[in-house]
Amino acid sequence: MSANWDTLNVDLGARSYPIHIGSGLLEHAYQFVCPYLQGDKIAIITDETIAALHMPELHAALKGDDITEIILPPGEGTKSFAVLEDVLAKLLDANFSRSDTLIAFGGGVIGDLTGFAASVLKRGCNFIQIPTTLLAQVDSSVGGKTAINVPAGKNLVGSFYQPKMVLIDTDVLSTLPARQMKAGYAEVLKYGLINDPGFYNWLEKEGANVISGKPDALAHAIATSCAAKAAIVRQDERENGVRALLNFGHTFAHALEGCAGYDGSVLHGEAVSAGMLMAFEFSHKSGLCKGQDVERLRGHLKRLEMPVFDDLPTKATADRRALFEYMQRDKKNKGAAMNLILARGIGQAFAAPNVEQSNLQSFLKKVGG
């Protein structure tokens with residue numbers, strides 16, 4: 001094999017798996033995938049955009065005759081009960097068994113949906129992640145969170161179900177639009193903000209190169225992000241403690257996405273960009289962090305033309321009561337207690353239980369503008 005790659009391991013005992021990261025790995029997919037094939041059948045689940053750009057290469061690389069292709073519409077709306085039911089019906093019609101393998105070939109939407117389908121098909125079959133967006137490569141493909149969206153909110157129906165392997169080919173990002181690269185960068189930035197101020201300092205210098213796809217900067221950002229997530233998942237696979245830090249900014253973000261209707265007008269990473277700044281702003285107003293930290297983050301986002309609250313469509317931001325109601329239904333909450341991930345500074349995120357709801361309501365009324 002001529003491709004060069006690095007391998008990280010997510011150490012979860014019997015559920016451990018490798019993350020292979022490198023350039024040109026897609027054309028060698030069979031060599032990576034083969035050790036994890038227990039049955040005869042493979043299903044590649046992807047969306048129309050990725051199918052047009054990369055499916056021929058992956059299909060050719062896998063060298064198999066018994067490959068089912070399931071091609072879905074792109075966008076957050078695909079993470080639904082209706083699409084899940086359709087995918088499961090196609091797999092059952094093709095007589096997939098527990099020993100057969102599903103390959104999630106796409107961004108976070110495809111990975112979440114495929115992983116959830118794998119977790120429930122005949123009570124669990126094998127699946128592999130081949131993420132094709134920066135966001136999926138640094139975040140959603142690692143850690144075993146799978147889910148679909150429902151009217152009550154984002155990712156409220158799902159399971160923890162680990163893949164057998166994650167294959168990250170950095171070359172596929174060359175076809176990713178700039179908007180999607182910026183959306184993925186928000187998740188990269190998150191790792192610096194939660195517990196790695198040194199990485200945040202590096203991103204302040206190299207962030208533009210990451211977004212533009214400069215190979216060295218991109219490879220370092222992806223490897224650092226995956227290593228950070230793997231380390232946290234090793235400590236807390238099912239989000240009973242430290243793993244909650246990975247949701248920094250996400251309670252705000254999921255509310256913004258919900259208000260926007262999951263129609264593509266607000267990408268997940270765009271909501272995360274705005275949500276992380278909102279988390280810092282709320283932390284500052286709660287007396288937890290300095291105003292300089294808020295402005296430092298705001299300046300970084302603005303320099304890279306990353307969206308903040310005021311940059312999002314009005315339908316995502318106008319109804320402050322609806323934002324609060326979405327946040328009330330967040331899965332991190334316990335009963336009536338509202339739990340948020342807040343910050344004492346750059347690289348100092350922490351879980352804040354029992355946030356005073358009236359303070360949050362007051363903040364939401366005034367944020368932006």
# chains A, B, ... in the order shown; residues from 1 in each chain; ligands from 1
call {"tool": "residues_around", "arguments": {"residues": "range 69-73 of chain A", "least_positions_apart": "5", "cutoff": "6 Å", "atoms": "only C-alpha atoms", "output": "list in words"}}
result
Ala43, Ile44, Ile45, Thr46, Asp47 and Glu48 of chain A
call {"tool": "write_last_selection", "arguments": {"atoms": "N, CA and C atoms", "output": "mmCIF file, in the first residue's frame"}}
result
data_model
loop_
_atom_site.group_PDB
_atom_site.id
_atom_site.type_symbol
_atom_site.label_atom_id
_atom_site.label_comp_id
_atom_site.auth_asym_id
_atom_site.auth_seq_id
_atom_site.Cartn_x
_atom_site.Cartn_y
_atom_site.Cartn_z
ATOM 1 N N ALA A 43 -23.366 -2.981 2.899
ATOM 2 C CA ALA A 43 -24.238 -1.899 2.444
ATOM 3 C C ALA A 43 -23.500 -0.584 2.633
ATOM 4 N N ILE A 44 -23.388 0.173 1.557
ATOM 5 C CA ILE A 44 -22.830 1.517 1.645
ATOM 6 C C ILE A 44 -24.005 2.488 1.710
ATOM 7 N N ILE A 45 -24.099 3.210 2.805
ATOM 8 C CA ILE A 45 -25.168 4.187 2.985
ATOM 9 C C ILE A 45 -24.548 5.569 2.860
ATOM 10 N N THR A 46 -25.076 6.361 1.925
ATOM 11 C CA THR A 46 -24.481 7.657 1.633
ATOM 12 C C THR A 46 -25.576 8.616 1.194
ATOM 13 N N ASP A 47 -25.185 9.832 0.819
ATOM 14 C CA ASP A 47 -26.176 10.762 0.279
ATOM 15 C C ASP A 47 -25.865 11.059 -1.186
ATOM 16 N N GLU A 48 -26.779 11.767 -1.826
ATOM 17 C CA GLU A 48 -26.671 11.982 -3.267
ATOM 18 C C GLU A 48 -25.406 12.747 -3.645
#
call {"tool": "residues_around", "arguments": {"residues": "range 299-302 of chain A", "least_positions_apart": "5", "cutoff": "10 Å", "atoms": "only C-alpha atoms", "output": "count of residues only"}}
result
14
call {"tool": "residues_around", "arguments": {"residues": "range 337-347 of chain A", "least_positions_apart": "3", "cutoff": "6 Å", "atoms": "only C-alpha atoms", "output": "MDAnalysis selection string"}}
result
chainID A and resid 192:197 248 279 283 288:289 333:334 350:355
call {"tool": "closest_residue", "arguments": {"among": "A:Ile67, A:Ala221, A:Ala117, A:Ala14", "to": "Asp139 in chain A", "atoms": "only C-alpha atoms"}}
result
A:Ala221
call {"tool": "residues_around", "arguments": {"residues": "Pro313 in chain A", "least_positions_apart": "3", "cutoff": "9 Å", "atoms": "only C-alpha atoms", "output": "ChimeraX atom specification"}}
result
/A:260,265-266,309-310,316-318
call {"tool": "atom_distance", "arguments": {"atom1": "CA of Gly158 in chain A", "atom2": "CA of Gly106 in chain A"}}
result
18.4 Å
call {"tool": "residues_around", "arguments": {"residues": "range 214-219 of chain A", "least_positions_apart": "6", "cutoff": "8 Å", "atoms": "only C-alpha atoms", "output": "list in words"}}
result
Gly22, Thr170 and Glu206 of chain A
call {"tool": "write_last_selection", "arguments": {"atoms": "N, CA and C atoms", "output": "mmCIF file, in the first residue's frame"}}
result
data_model
loop_
_atom_site.group_PDB
_atom_site.id
_atom_site.type_symbol
_atom_site.label_atom_id
_atom_site.label_comp_id
_atom_site.auth_asym_id
_atom_site.auth_seq_id
_atom_site.Cartn_x
_atom_site.Cartn_y
_atom_site.Cartn_z
ATOM 1 N N GLY A 22 -5.254 9.638 7.004
ATOM 2 C CA GLY A 22 -4.212 9.850 6.027
ATOM 3 C C GLY A 22 -4.746 10.323 4.699
ATOM 4 N N THR A 170 -8.177 12.307 4.189
ATOM 5 C CA THR A 170 -8.210 13.772 4.162
ATOM 6 C C THR A 170 -8.395 14.318 2.748
ATOM 7 N N GLU A 206 -3.236 29.198 12.872
ATOM 8 C CA GLU A 206 -3.351 28.299 11.719
ATOM 9 C C GLU A 206 -4.778 28.022 11.274
#
call {"tool": "atom_distance", "arguments": {"atom1": "CA of Leu323 in chain A", "atom2": "CA of Asn359 in chain A"}}
result
13.9 Å
call {"tool": "atom_distance", "arguments": {"atom1": "CA of Ser99 in chain A", "atom2": "CA of Gly39 in chain A"}}
result
4.8 Å
call {"tool": "select_by_dssp", "arguments": {"residues": "range 165-341 of chain A", "states": "helix (DSSP H, G or I)", "output": "mmCIF file with C-alpha atoms, in the first residue's frame"}}
result
data_model
loop_
_atom_site.group_PDB
_atom_site.id
_atom_site.type_symbol
_atom_site.label_atom_id
_atom_site.label_comp_id
_atom_site.auth_asym_id
_atom_site.auth_seq_id
_atom_site.Cartn_x
_atom_site.Cartn_y
_atom_site.Cartn_z
ATOM 1 C CA THR A 170 -8.210 13.772 4.162
ATOM 2 C CA ASP A 171 -8.218 13.998 0.350
ATOM 3 C CA VAL A 172 -12.025 13.806 0.155
ATOM 4 C CA LEU A 173 -12.185 17.218 1.849
ATOM 5 C CA SER A 174 -10.877 18.805 -1.361
ATOM 6 C CA THR A 175 -14.422 18.535 -2.758
ATOM 7 C CA ALA A 178 -15.957 26.347 2.021
ATOM 8 C CA ARG A 179 -19.162 26.668 4.033
ATOM 9 C CA GLN A 180 -18.916 23.024 5.093
ATOM 10 C CA MET A 181 -15.217 23.396 5.967
ATOM 11 C CA LYS A 182 -16.050 26.311 8.251
ATOM 12 C CA ALA A 183 -18.865 24.300 9.818
ATOM 13 C CA GLY A 184 -16.402 21.498 10.565
ATOM 14 C CA TYR A 185 -13.851 23.954 11.918
ATOM 15 C CA ALA A 186 -16.284 24.861 14.700
ATOM 16 C CA GLU A 187 -15.931 21.331 16.077
ATOM 17 C CA VAL A 188 -12.129 21.528 15.776
ATOM 18 C CA LEU A 189 -12.168 24.795 17.714
ATOM 19 C CA LYS A 190 -14.295 23.177 20.411
ATOM 20 C CA TYR A 191 -11.428 20.939 21.529
ATOM 21 C CA GLY A 192 -9.229 23.948 22.212
ATOM 22 C CA LEU A 193 -12.001 25.735 24.058
ATOM 23 C CA ILE A 194 -12.932 22.872 26.369
ATOM 24 C CA ASN A 195 -9.549 21.756 27.715
ATOM 25 C CA PRO A 197 -5.585 26.209 25.438
ATOM 26 C CA GLY A 198 -2.352 25.336 23.631
ATOM 27 C CA PHE A 199 -4.338 23.924 20.703
ATOM 28 C CA TYR A 200 -6.537 27.023 20.744
ATOM 29 C CA ASN A 201 -3.408 29.199 20.535
ATOM 30 C CA TRP A 202 -2.261 27.146 17.533
ATOM 31 C CA LEU A 203 -5.656 27.542 15.874
ATOM 32 C CA GLU A 204 -5.501 31.309 16.263
ATOM 33 C CA LYS A 205 -2.416 31.177 14.034
ATOM 34 C CA GLU A 206 -3.351 28.299 11.719
ATOM 35 C CA GLY A 207 -7.149 28.301 11.610
ATOM 36 C CA ALA A 208 -7.330 29.906 8.175
ATOM 37 C CA ASN A 209 -4.976 27.233 6.813
ATOM 38 C CA VAL A 210 -7.128 24.480 8.305
ATOM 39 C CA ILE A 211 -10.252 25.895 6.659
ATOM 40 C CA SER A 212 -8.512 26.359 3.302
ATOM 41 C CA PRO A 215 -2.358 19.652 4.088
ATOM 42 C CA ASP A 216 -0.065 19.995 7.110
ATOM 43 C CA ALA A 217 -2.408 22.234 9.092
ATOM 44 C CA LEU A 218 -5.427 20.107 8.210
ATOM 45 C CA ALA A 219 -3.717 16.837 9.150
ATOM 46 C CA HIS A 220 -2.590 18.249 12.502
ATOM 47 C CA ALA A 221 -6.056 19.623 13.297
ATOM 48 C CA ILE A 222 -7.785 16.333 12.479
ATOM 49 C CA ALA A 223 -5.289 14.167 14.374
ATOM 50 C CA THR A 224 -5.356 16.433 17.444
ATOM 51 C CA SER A 225 -9.155 16.544 17.448
ATOM 52 C CA CYS A 226 -9.545 12.781 17.078
ATOM 53 C CA ALA A 227 -6.977 12.132 19.806
ATOM 54 C CA ALA A 228 -8.772 14.551 22.125
ATOM 55 C CA LYS A 229 -12.134 12.937 21.533
ATOM 56 C CA ALA A 230 -10.754 9.402 21.836
ATOM 57 C CA ALA A 231 -9.177 10.290 25.192
ATOM 58 C CA ILE A 232 -12.476 11.608 26.548
ATOM 59 C CA VAL A 233 -14.521 8.687 25.193
ATOM 60 C CA ARG A 234 -12.088 6.251 26.830
ATOM 61 C CA GLN A 235 -12.837 7.869 30.170
ATOM 62 C CA VAL A 242 -16.404 14.234 31.456
ATOM 63 C CA ARG A 243 -17.788 13.374 28.002
ATOM 64 C CA ALA A 244 -20.484 16.000 28.514
ATOM 65 C CA LEU A 245 -17.755 18.600 27.875
ATOM 66 C CA LEU A 246 -17.882 17.621 24.192
ATOM 67 C CA ASN A 247 -21.311 19.267 24.106
ATOM 68 C CA HIS A 250 -24.271 22.436 21.660
ATOM 69 C CA THR A 251 -27.265 23.079 23.905
ATOM 70 C CA PHE A 252 -27.527 26.553 22.386
ATOM 71 C CA ALA A 253 -26.690 25.144 18.936
ATOM 72 C CA HIS A 254 -29.353 22.445 18.960
ATOM 73 C CA ALA A 255 -31.952 25.024 19.938
ATOM 74 C CA LEU A 256 -30.909 27.256 17.033
ATOM 75 C CA GLU A 257 -31.128 24.304 14.629
ATOM 76 C CA GLY A 258 -34.520 23.335 15.981
ATOM 77 C CA CYS A 259 -35.917 26.825 15.526
ATOM 78 C CA ALA A 260 -34.561 26.851 11.970
ATOM 79 C CA HIS A 268 -24.843 22.047 12.568
ATOM 80 C CA GLY A 269 -21.331 23.510 12.687
ATOM 81 C CA GLU A 270 -22.670 27.003 12.057
ATOM 82 C CA ALA A 271 -25.000 26.624 15.021
ATOM 83 C CA VAL A 272 -22.085 25.297 17.094
ATOM 84 C CA SER A 273 -19.976 28.325 16.144
ATOM 85 C CA ALA A 274 -22.706 30.659 17.375
ATOM 86 C CA GLY A 275 -23.517 28.407 20.341
ATOM 87 C CA MET A 276 -19.964 28.340 21.676
ATOM 88 C CA LEU A 277 -19.799 32.117 21.711
ATOM 89 C CA MET A 278 -23.208 32.193 23.420
ATOM 90 C CA ALA A 279 -21.846 29.803 26.062
ATOM 91 C CA PHE A 280 -18.933 32.164 26.694
ATOM 92 C CA GLU A 281 -21.222 35.186 26.793
ATOM 93 C CA PHE A 282 -23.552 33.496 29.271
ATOM 94 C CA SER A 283 -20.548 32.370 31.338
ATOM 95 C CA HIS A 284 -19.310 35.958 31.476
ATOM 96 C CA LYS A 285 -22.728 37.325 32.450
ATOM 97 C CA GLY A 291 -14.874 39.588 29.137
ATOM 98 C CA GLN A 292 -11.473 39.368 27.425
ATOM 99 C CA ASP A 293 -12.056 35.664 26.800
ATOM 100 C CA VAL A 294 -15.416 36.386 25.185
ATOM 101 C CA GLU A 295 -13.911 39.029 22.926
ATOM 102 C CA ARG A 296 -10.936 36.834 22.087
ATOM 103 C CA LEU A 297 -13.260 34.111 20.833
ATOM 104 C CA ARG A 298 -15.529 36.580 19.061
ATOM 105 C CA GLY A 299 -12.530 38.105 17.301
ATOM 106 C CA HIS A 300 -11.259 34.704 16.180
ATOM 107 C CA LEU A 301 -14.656 33.743 14.763
ATOM 108 C CA LYS A 302 -15.049 37.080 13.004
ATOM 109 C CA ARG A 303 -11.565 36.936 11.450
ATOM 110 C CA PHE A 309 -25.776 34.652 16.662
ATOM 111 C CA ASP A 310 -26.518 37.790 14.629
ATOM 112 C CA ASP A 311 -25.284 36.150 11.418
ATOM 113 C CA THR A 314 -33.953 35.269 11.616
ATOM 114 C CA LYS A 315 -36.074 32.130 11.893
ATOM 115 C CA ALA A 316 -33.299 30.535 13.956
ATOM 116 C CA THR A 317 -32.939 33.437 16.358
ATOM 117 C CA ARG A 320 -36.409 33.506 22.159
ATOM 118 C CA ARG A 321 -39.123 31.576 23.994
ATOM 119 C CA ALA A 322 -38.789 28.712 21.504
ATOM 120 C CA LEU A 323 -35.014 28.707 21.961
ATOM 121 C CA PHE A 324 -35.482 28.336 25.702
ATOM 122 C CA GLU A 325 -38.041 25.557 25.282
ATOM 123 C CA TYR A 326 -35.673 23.586 23.039
ATOM 124 C CA MET A 327 -32.945 24.015 25.643
ATOM 125 C CA GLN A 328 -35.295 22.740 28.342
#
call {"tool": "closest_residue", "arguments": {"among": "A:Leu25, A:Leu312, A:Ala349, A:Ala147", "to": "Gly368 in chain A", "atoms": "only C-alpha atoms"}}
result
A:Leu312
call {"tool": "select_by_dssp", "arguments": {"residues": "range 100-137 of chain A", "states": "strand (DSSP E)", "output": "list in words"}}
result
Thr101, Leu102, Ile103, Ala104, Phe105, Gly106, Asn126, Phe127, Ile128, Gln129, Ile130 and Pro131 of chain A
call {"tool": "write_last_selection", "arguments": {"atoms": "C-alpha atoms", "output": "compact mmCIF listing (two decimals), in the first residue's frame"}}
result
# COMPACT_ATOMS: atom_id res chain seq x y z
CA THR A 101 -21.59 -4.79 7.55
CA LEU A 102 -22.97 -1.29 7.04
CA ILE A 103 -20.61 1.45 5.88
CA ALA A 104 -21.52 5.04 6.74
CA PHE A 105 -20.03 7.01 3.85
CA GLY A 106 -20.76 10.68 4.32
CA ASN A 126 -21.40 -4.33 12.28
CA PHE A 127 -20.75 -0.87 10.95
CA ILE A 128 -17.77 1.16 9.76
CA GLN A 129 -17.41 4.93 9.50
CA ILE A 130 -15.85 6.55 6.42
CA PRO A 131 -16.53 10.24 7.12
